file upload.txt (compact mmCIF, N, CA and C atoms)
# COMPACT_ATOMS: atom_id res chain seq x y z
N MET K 1396 -74.19 73.27 -80.88
CA MET K 1396 -74.16 73.39 -79.43
C MET K 1396 -74.03 71.98 -78.85
N LYS K 1397 -73.16 71.86 -77.86
CA LYS K 1397 -72.96 70.58 -77.19
C LYS K 1397 -73.45 70.71 -75.76
N ASN K 1398 -74.09 69.67 -75.27
CA ASN K 1398 -74.60 69.64 -73.89
C ASN K 1398 -73.77 68.68 -73.06
N TYR K 1399 -73.42 69.09 -71.84
CA TYR K 1399 -72.64 68.27 -70.93
C TYR K 1399 -73.34 68.24 -69.58
N THR K 1400 -73.22 67.13 -68.88
CA THR K 1400 -73.67 67.03 -67.51
C THR K 1400 -72.44 66.91 -66.64
N ILE K 1401 -72.30 67.83 -65.68
CA ILE K 1401 -71.11 67.88 -64.84
C ILE K 1401 -71.55 67.77 -63.38
N THR K 1402 -70.83 66.95 -62.61
CA THR K 1402 -71.09 66.80 -61.18
C THR K 1402 -69.94 67.40 -60.40
N VAL K 1403 -70.25 68.35 -59.52
CA VAL K 1403 -69.26 69.01 -58.68
C VAL K 1403 -69.74 68.96 -57.24
N ASN K 1404 -68.98 68.31 -56.36
CA ASN K 1404 -69.34 68.19 -54.95
C ASN K 1404 -70.76 67.66 -54.75
N GLY K 1405 -71.14 66.72 -55.57
CA GLY K 1405 -72.45 66.10 -55.42
C GLY K 1405 -73.58 66.86 -56.11
N ASN K 1406 -73.32 68.03 -56.64
CA ASN K 1406 -74.34 68.81 -57.36
C ASN K 1406 -74.17 68.57 -58.84
N VAL K 1407 -75.30 68.35 -59.54
CA VAL K 1407 -75.28 68.05 -60.96
C VAL K 1407 -75.64 69.32 -61.73
N TYR K 1408 -74.84 69.66 -62.74
CA TYR K 1408 -75.07 70.84 -63.56
C TYR K 1408 -75.20 70.42 -65.01
N GLU K 1409 -76.18 71.01 -65.71
CA GLU K 1409 -76.34 70.83 -67.15
C GLU K 1409 -75.67 72.04 -67.80
N VAL K 1410 -74.70 71.81 -68.68
CA VAL K 1410 -73.96 72.90 -69.31
C VAL K 1410 -74.07 72.76 -70.81
N SER K 1411 -74.38 73.88 -71.48
CA SER K 1411 -74.42 73.92 -72.94
C SER K 1411 -73.26 74.77 -73.41
N VAL K 1412 -72.51 74.27 -74.39
CA VAL K 1412 -71.35 75.00 -74.92
C VAL K 1412 -71.60 75.23 -76.39
N GLU K 1413 -71.48 76.49 -76.80
CA GLU K 1413 -71.69 76.86 -78.20
C GLU K 1413 -70.41 77.46 -78.75
N GLU K 1414 -69.95 76.92 -79.85
CA GLU K 1414 -68.76 77.48 -80.51
C GLU K 1414 -69.22 78.58 -81.46
N ASN K 1415 -68.50 79.70 -81.41
CA ASN K 1415 -68.73 80.73 -82.41
C ASN K 1415 -67.38 81.18 -82.92
N GLY K 1416 -67.34 81.99 -83.93
CA GLY K 1416 -66.08 82.38 -84.56
C GLY K 1416 -65.12 83.08 -83.61
N ALA K 1417 -65.65 83.80 -82.62
CA ALA K 1417 -64.80 84.58 -81.73
C ALA K 1417 -64.32 83.78 -80.52
N GLY K 1418 -64.86 82.63 -80.28
CA GLY K 1418 -64.47 81.84 -79.11
C GLY K 1418 -65.58 80.89 -78.72
N VAL K 1419 -65.73 80.67 -77.44
CA VAL K 1419 -66.72 79.74 -76.94
C VAL K 1419 -67.58 80.46 -75.92
N SER K 1420 -68.88 80.27 -76.00
CA SER K 1420 -69.76 80.84 -74.98
C SER K 1420 -70.46 79.68 -74.28
N THR K 1421 -70.78 79.89 -73.01
CA THR K 1421 -71.43 78.83 -72.24
C THR K 1421 -72.69 79.34 -71.60
N ALA K 1422 -73.58 78.44 -71.35
CA ALA K 1422 -74.80 78.72 -70.58
C ALA K 1422 -74.98 77.53 -69.67
N SER K 1423 -75.34 77.78 -68.43
CA SER K 1423 -75.50 76.65 -67.52
C SER K 1423 -76.74 76.82 -66.68
N GLN K 1424 -77.28 75.70 -66.26
CA GLN K 1424 -78.40 75.68 -65.35
C GLN K 1424 -78.09 74.66 -64.27
N ALA K 1425 -78.25 75.07 -63.03
CA ALA K 1425 -78.04 74.13 -61.94
C ALA K 1425 -79.24 73.20 -61.87
N SER K 1426 -78.98 71.95 -61.79
CA SER K 1426 -80.04 70.97 -61.66
C SER K 1426 -80.25 70.66 -60.18
N THR K 1427 -81.45 70.29 -59.82
CA THR K 1427 -81.71 69.96 -58.42
C THR K 1427 -81.36 68.52 -58.11
N THR K 1428 -80.90 67.80 -59.10
CA THR K 1428 -80.54 66.40 -58.90
C THR K 1428 -79.25 66.31 -58.09
N LYS K 1429 -79.25 65.47 -57.11
CA LYS K 1429 -78.05 65.21 -56.32
C LYS K 1429 -77.48 63.87 -56.76
N ALA K 1430 -76.18 63.83 -56.91
CA ALA K 1430 -75.52 62.57 -57.23
C ALA K 1430 -75.61 61.66 -56.02
N ALA K 1431 -75.67 60.38 -56.27
CA ALA K 1431 -75.73 59.42 -55.17
C ALA K 1431 -74.46 59.50 -54.34
N ALA K 1432 -74.62 59.50 -53.05
CA ALA K 1432 -73.46 59.55 -52.15
C ALA K 1432 -72.69 58.24 -52.26
N PRO K 1433 -71.38 58.30 -52.21
CA PRO K 1433 -70.62 57.05 -52.26
C PRO K 1433 -70.94 56.18 -51.06
N LYS K 1434 -70.92 54.90 -51.29
CA LYS K 1434 -71.21 53.97 -50.19
C LYS K 1434 -70.05 53.96 -49.21
N ALA K 1435 -70.39 54.02 -47.95
CA ALA K 1435 -69.36 53.98 -46.92
C ALA K 1435 -68.81 52.57 -46.81
N VAL K 1436 -67.51 52.49 -46.69
CA VAL K 1436 -66.87 51.20 -46.53
C VAL K 1436 -66.59 51.01 -45.05
N ALA K 1437 -67.08 49.93 -44.51
CA ALA K 1437 -66.88 49.67 -43.08
C ALA K 1437 -65.41 49.41 -42.81
N LYS K 1438 -64.92 50.04 -41.77
CA LYS K 1438 -63.53 49.81 -41.38
C LYS K 1438 -63.47 48.48 -40.65
N PRO K 1439 -62.44 47.69 -40.93
CA PRO K 1439 -62.32 46.43 -40.21
C PRO K 1439 -62.05 46.71 -38.74
N ALA K 1440 -62.60 45.88 -37.90
CA ALA K 1440 -62.40 46.04 -36.47
C ALA K 1440 -60.93 45.86 -36.13
N SER K 1441 -60.43 46.70 -35.27
CA SER K 1441 -59.03 46.60 -34.88
C SER K 1441 -58.84 45.36 -34.02
N THR K 1442 -57.97 44.50 -34.48
CA THR K 1442 -57.74 43.26 -33.75
C THR K 1442 -56.37 43.27 -33.09
N GLY K 1443 -55.69 44.42 -33.21
CA GLY K 1443 -54.36 44.49 -32.65
C GLY K 1443 -53.33 43.79 -33.53
N ALA K 1444 -53.73 43.51 -34.77
CA ALA K 1444 -52.82 42.84 -35.69
C ALA K 1444 -51.67 43.79 -36.01
N ALA K 1445 -50.55 43.21 -36.37
CA ALA K 1445 -49.36 44.01 -36.69
C ALA K 1445 -49.69 45.01 -37.78
N GLY K 1446 -49.37 46.27 -37.54
CA GLY K 1446 -49.60 47.30 -38.54
C GLY K 1446 -51.05 47.64 -38.76
N ALA K 1447 -51.87 47.59 -37.73
CA ALA K 1447 -53.30 47.84 -37.87
C ALA K 1447 -53.60 49.28 -38.29
N ILE K 1448 -52.72 50.23 -37.97
CA ILE K 1448 -52.93 51.64 -38.31
C ILE K 1448 -51.98 51.99 -39.45
N LYS K 1449 -52.54 52.33 -40.59
CA LYS K 1449 -51.74 52.65 -41.77
C LYS K 1449 -51.51 54.15 -41.86
N VAL K 1450 -50.31 54.54 -42.24
CA VAL K 1450 -49.97 55.94 -42.49
C VAL K 1450 -49.58 56.02 -43.96
N ASN K 1451 -50.40 56.72 -44.76
CA ASN K 1451 -50.19 56.81 -46.20
C ASN K 1451 -49.75 58.21 -46.61
N ALA K 1452 -49.07 58.29 -47.74
CA ALA K 1452 -48.63 59.59 -48.27
C ALA K 1452 -49.84 60.40 -48.71
N PRO K 1453 -49.94 61.65 -48.24
CA PRO K 1453 -51.08 62.48 -48.63
C PRO K 1453 -50.94 63.04 -50.05
N MET K 1454 -49.72 63.00 -50.60
CA MET K 1454 -49.43 63.54 -51.92
C MET K 1454 -48.12 62.93 -52.42
N PRO K 1455 -47.87 63.01 -53.71
CA PRO K 1455 -46.58 62.52 -54.21
C PRO K 1455 -45.45 63.43 -53.75
N GLY K 1456 -44.29 62.87 -53.56
CA GLY K 1456 -43.14 63.66 -53.14
C GLY K 1456 -41.94 62.80 -52.87
N LYS K 1457 -41.02 63.36 -52.07
CA LYS K 1457 -39.77 62.67 -51.74
C LYS K 1457 -39.57 62.70 -50.23
N ILE K 1458 -39.21 61.58 -49.64
CA ILE K 1458 -38.97 61.50 -48.20
C ILE K 1458 -37.63 62.18 -47.91
N LEU K 1459 -37.68 63.24 -47.12
CA LEU K 1459 -36.45 63.96 -46.77
C LEU K 1459 -35.79 63.39 -45.52
N LYS K 1460 -36.61 63.02 -44.54
CA LYS K 1460 -36.07 62.62 -43.24
C LYS K 1460 -36.99 61.63 -42.56
N LEU K 1461 -36.41 60.59 -41.99
CA LEU K 1461 -37.16 59.63 -41.17
C LEU K 1461 -36.83 59.90 -39.71
N ASN K 1462 -37.85 60.04 -38.89
CA ASN K 1462 -37.64 60.31 -37.46
C ASN K 1462 -37.89 59.09 -36.58
N VAL K 1463 -38.41 58.01 -37.15
CA VAL K 1463 -38.73 56.81 -36.36
C VAL K 1463 -38.23 55.56 -37.06
N LYS K 1464 -38.20 54.48 -36.30
CA LYS K 1464 -37.87 53.16 -36.86
C LYS K 1464 -38.82 52.15 -36.20
N ALA K 1465 -38.88 50.96 -36.74
CA ALA K 1465 -39.75 49.92 -36.19
C ALA K 1465 -39.43 49.71 -34.72
N GLY K 1466 -40.48 49.63 -33.91
CA GLY K 1466 -40.32 49.40 -32.48
C GLY K 1466 -40.39 50.67 -31.65
N ASP K 1467 -40.29 51.85 -32.28
CA ASP K 1467 -40.38 53.11 -31.54
C ASP K 1467 -41.81 53.37 -31.07
N SER K 1468 -41.95 53.90 -29.87
CA SER K 1468 -43.25 54.33 -29.36
C SER K 1468 -43.49 55.76 -29.80
N VAL K 1469 -44.72 56.04 -30.26
CA VAL K 1469 -45.06 57.39 -30.71
C VAL K 1469 -46.38 57.83 -30.07
N LYS K 1470 -46.53 59.12 -29.96
CA LYS K 1470 -47.76 59.73 -29.46
C LYS K 1470 -48.46 60.40 -30.64
N LYS K 1471 -49.75 60.57 -30.54
CA LYS K 1471 -50.52 61.24 -31.58
C LYS K 1471 -49.88 62.60 -31.84
N GLY K 1472 -49.62 62.91 -33.12
CA GLY K 1472 -49.03 64.18 -33.50
C GLY K 1472 -47.52 64.18 -33.63
N ASP K 1473 -46.85 63.12 -33.13
CA ASP K 1473 -45.39 63.04 -33.31
C ASP K 1473 -45.07 63.00 -34.80
N VAL K 1474 -43.99 63.65 -35.19
CA VAL K 1474 -43.57 63.67 -36.59
C VAL K 1474 -42.83 62.37 -36.90
N LEU K 1475 -43.42 61.57 -37.79
CA LEU K 1475 -42.81 60.29 -38.17
C LEU K 1475 -41.73 60.50 -39.22
N MET K 1476 -42.01 61.41 -40.16
CA MET K 1476 -41.08 61.67 -41.26
C MET K 1476 -41.44 62.99 -41.90
N VAL K 1477 -40.55 63.47 -42.77
CA VAL K 1477 -40.79 64.72 -43.49
C VAL K 1477 -40.83 64.38 -44.99
N LEU K 1478 -41.90 64.85 -45.64
CA LEU K 1478 -42.12 64.60 -47.06
C LEU K 1478 -42.01 65.94 -47.80
N GLU K 1479 -41.14 66.00 -48.81
CA GLU K 1479 -41.04 67.20 -49.62
C GLU K 1479 -41.93 67.05 -50.83
N ALA K 1480 -42.80 68.04 -51.03
CA ALA K 1480 -43.67 68.06 -52.20
C ALA K 1480 -43.80 69.50 -52.66
N MET K 1481 -43.57 69.75 -53.92
CA MET K 1481 -43.65 71.10 -54.50
C MET K 1481 -42.78 72.08 -53.72
N LYS K 1482 -41.59 71.66 -53.38
CA LYS K 1482 -40.59 72.47 -52.66
C LYS K 1482 -41.03 72.90 -51.27
N MET K 1483 -42.02 72.20 -50.71
CA MET K 1483 -42.47 72.46 -49.34
C MET K 1483 -42.24 71.21 -48.51
N GLU K 1484 -41.85 71.40 -47.27
CA GLU K 1484 -41.65 70.27 -46.37
C GLU K 1484 -42.94 70.03 -45.59
N ASN K 1485 -43.45 68.81 -45.66
CA ASN K 1485 -44.69 68.43 -45.01
C ASN K 1485 -44.38 67.38 -43.93
N GLU K 1486 -44.81 67.65 -42.71
CA GLU K 1486 -44.60 66.70 -41.62
C GLU K 1486 -45.67 65.62 -41.68
N ILE K 1487 -45.24 64.38 -41.68
CA ILE K 1487 -46.17 63.25 -41.63
C ILE K 1487 -46.24 62.86 -40.16
N GLN K 1488 -47.42 63.04 -39.56
CA GLN K 1488 -47.58 62.85 -38.12
C GLN K 1488 -48.30 61.55 -37.81
N ALA K 1489 -48.04 61.05 -36.60
CA ALA K 1489 -48.73 59.84 -36.12
C ALA K 1489 -50.21 60.18 -35.90
N PRO K 1490 -51.12 59.38 -36.46
CA PRO K 1490 -52.55 59.66 -36.30
C PRO K 1490 -53.07 59.35 -34.89
N GLN K 1491 -52.35 58.54 -34.16
CA GLN K 1491 -52.72 58.21 -32.78
C GLN K 1491 -51.52 57.60 -32.07
N ASP K 1492 -51.65 57.41 -30.76
CA ASP K 1492 -50.58 56.78 -29.99
C ASP K 1492 -50.38 55.35 -30.48
N GLY K 1493 -49.15 54.87 -30.40
CA GLY K 1493 -48.90 53.49 -30.78
C GLY K 1493 -47.42 53.18 -30.84
N VAL K 1494 -47.13 52.01 -31.40
CA VAL K 1494 -45.75 51.56 -31.61
C VAL K 1494 -45.58 51.36 -33.10
N VAL K 1495 -44.48 51.84 -33.62
CA VAL K 1495 -44.21 51.71 -35.06
C VAL K 1495 -43.98 50.23 -35.38
N ALA K 1496 -44.87 49.67 -36.21
CA ALA K 1496 -44.74 48.27 -36.61
C ALA K 1496 -43.78 48.14 -37.78
N SER K 1497 -43.85 49.11 -38.72
CA SER K 1497 -42.95 49.08 -39.87
C SER K 1497 -42.82 50.47 -40.47
N VAL K 1498 -41.68 50.70 -41.06
CA VAL K 1498 -41.44 51.90 -41.87
C VAL K 1498 -41.19 51.37 -43.27
N ASN K 1499 -42.05 51.76 -44.21
CA ASN K 1499 -42.03 51.15 -45.53
C ASN K 1499 -41.32 51.98 -46.59
N VAL K 1500 -40.63 53.04 -46.17
CA VAL K 1500 -39.90 53.89 -47.11
C VAL K 1500 -38.51 54.20 -46.54
N ALA K 1501 -37.66 54.73 -47.38
CA ALA K 1501 -36.31 55.14 -46.96
C ALA K 1501 -36.12 56.61 -47.27
N ALA K 1502 -35.18 57.25 -46.59
CA ALA K 1502 -34.85 58.64 -46.88
C ALA K 1502 -34.43 58.76 -48.35
N SER K 1503 -34.82 59.84 -48.99
CA SER K 1503 -34.54 60.14 -50.41
C SER K 1503 -35.41 59.35 -51.38
N GLU K 1504 -36.31 58.51 -50.88
CA GLU K 1504 -37.18 57.73 -51.76
C GLU K 1504 -38.35 58.57 -52.25
N SER K 1505 -38.68 58.44 -53.53
CA SER K 1505 -39.86 59.10 -54.09
C SER K 1505 -41.09 58.25 -53.78
N VAL K 1506 -42.19 58.91 -53.42
CA VAL K 1506 -43.42 58.19 -53.08
C VAL K 1506 -44.58 58.77 -53.88
N GLU K 1507 -45.60 57.96 -54.06
CA GLU K 1507 -46.82 58.36 -54.75
C GLU K 1507 -47.91 58.65 -53.73
N SER K 1508 -48.89 59.42 -54.12
CA SER K 1508 -50.03 59.71 -53.26
C SER K 1508 -50.73 58.40 -52.87
N GLY K 1509 -50.99 58.23 -51.58
CA GLY K 1509 -51.67 57.02 -51.11
C GLY K 1509 -50.74 55.87 -50.78
N GLN K 1510 -49.47 56.00 -51.10
CA GLN K 1510 -48.50 54.92 -50.84
C GLN K 1510 -48.34 54.74 -49.33
N LEU K 1511 -48.24 53.49 -48.90
CA LEU K 1511 -48.03 53.17 -47.49
C LEU K 1511 -46.63 53.62 -47.07
N LEU K 1512 -46.58 54.51 -46.06
CA LEU K 1512 -45.30 55.00 -45.56
C LEU K 1512 -44.86 54.24 -44.33
N ALA K 1513 -45.82 53.98 -43.43
CA ALA K 1513 -45.51 53.29 -42.17
C ALA K 1513 -46.79 52.71 -41.62
N SER K 1514 -46.64 51.81 -40.66
CA SER K 1514 -47.81 51.27 -39.97
C SER K 1514 -47.52 51.24 -38.47
N LEU K 1515 -48.58 51.42 -37.70
CA LEU K 1515 -48.47 51.45 -36.24
C LEU K 1515 -49.37 50.37 -35.64
N ASN K 1516 -49.05 49.99 -34.42
CA ASN K 1516 -49.91 49.08 -33.66
C ASN K 1516 -50.55 49.88 -32.55

call {"tool": "encode", "arguments": {"input": "upload.txt", "output": "structure tokens"}}
result
Amino acid sequence: MKNYTITVNGNVYEVSVEENGAGVSTASQASTTKAAAPKAVAKPASTGAAGAIKVNAPMPGKILKLNVKAGDSVKKGDVLMVLEAMKMENEIQAPQDGVVASVNVAASESVESGQLLASLN
């Protein structure tokens, strides 16, 4: 029998796994131990520096369409670009009002999750 400690959404579980000839059986007990919460990282104060608001890719995919260019004014919710992921089109929206400081991708470019797509002022 092998014992594992698994953390799911901050809850810690003790799991025992036993191999037998027919397959694997498990037994688990929820532990009352809570995992330590991750430390919050303070956001830097907005100084109005160029590109202070970052827009990152929420998932890997391919940029299908760019709707803005540097210097364009945008309102919160405006569609900046369209990202295709898993054959679905996802609108990348402006998180707040601002001016596009830079567009860091091109149409047809593949992007990774978390990659900087654009920045706003």

call {"tool": "axis_aligned_box", "arguments": {"input": "upload.txt", "around": "region 1411-1414 of chain K", "padding_each_side": "4 Å", "output": "AutoDock Vina command-line options"}}
result
--center_x -71.6 --center_y 76.2 --center_z -76.5 --size_x 13.7 --size_y 12.7 --size_z 18.0

call {"tool": "closest_residue", "arguments": {"input": "upload.txt", "among": "K:Leu1512, K:Leu1475, K:Val1463, K:Val1410", "to": "Met1396 (chain K)", "atoms": "only C-alpha atoms"}}
result
K:Val1410

call {"tool": "atom_distance", "arguments": {"input": "upload.txt", "atom1": "atom C of Ala1465 (chain K)", "atom2": "atom N of Glu1504 (chain K)"}}
result
18.7 Å

call {"tool": "atom_distance", "arguments": {"input": "upload.txt", "atom1": "CA of Glu1484 (chain K)", "atom2": "CA of Lys1470 (chain K)"}}
result
20.8 Å

call {"tool": "residues_near_point", "arguments": {"input": "upload.txt", "point": "(-43.1, 68.4, -38.9)", "cutoff": "7 Å", "atoms": "only N, CA and C atoms", "output": "list in words"}}
result
Val1474, Leu1475, Met1476, Val1477, Glu1484, Asn1485, Glu1486, Ile1487 and Gln1488 of chain K

call {"tool": "atom_distance", "arguments": {"input": "upload.txt", "atom1": "CA of Ala1480 (chain K)", "atom2": "CA of Gly1466 (chain K)"}}
result
27.4 Å

call {"tool": "closest_residue", "arguments": {"input": "upload.txt", "among": "K:Tyr1399, K:Val1412, K:Ala1496, K:Ala1501", "to": "Ser1514 (chain K)", "atoms": "all atoms listed in the file"}}
result
K:Ala1496

call {"tool": "residues_near_point", "arguments": {"input": "upload.txt", "point": "(-50.7, 60.2, -37.6)", "cutoff": "7 Å", "atoms": "all atoms listed in the file", "output": "compact mmCIF listing (two decimals) with N, CA and C atoms, in the coordinates of the input"}}
result
# COMPACT_ATOMS: atom_id res chain seq x y z
N VAL K 1450 -50.31 54.54 -42.24
CA VAL K 1450 -49.97 55.94 -42.49
C VAL K 1450 -49.58 56.02 -43.96
N LYS K 1471 -49.75 60.57 -30.54
CA LYS K 1471 -50.52 61.24 -31.58
C LYS K 1471 -49.88 62.60 -31.84
N GLY K 1472 -49.62 62.91 -33.12
CA GLY K 1472 -49.03 64.18 -33.50
C GLY K 1472 -47.52 64.18 -33.63
N ASP K 1473 -46.85 63.12 -33.13
CA ASP K 1473 -45.39 63.04 -33.31
C ASP K 1473 -45.07 63.00 -34.80
N ILE K 1487 -45.24 64.38 -41.68
CA ILE K 1487 -46.17 63.25 -41.63
C ILE K 1487 -46.24 62.86 -40.16
N GLN K 1488 -47.42 63.04 -39.56
CA GLN K 1488 -47.58 62.85 -38.12
C GLN K 1488 -48.30 61.55 -37.81
N ALA K 1489 -48.04 61.05 -36.60
CA ALA K 1489 -48.73 59.84 -36.12
C ALA K 1489 -50.21 60.18 -35.90
N PRO K 1490 -51.12 59.38 -36.46
CA PRO K 1490 -52.55 59.66 -36.30
C PRO K 1490 -53.07 59.35 -34.89
N GLN K 1491 -52.35 58.54 -34.16
CA GLN K 1491 -52.72 58.21 -32.78
C GLN K 1491 -51.52 57.60 -32.07

call {"tool": "closest_residue", "arguments": {"input": "upload.txt", "among": "K:Leu1478, K:Ile1401, K:Met1483, K:Val1495", "to": "Lys1449 (chain K)", "atoms": "only C-alpha atoms"}}
result
K:Val1495
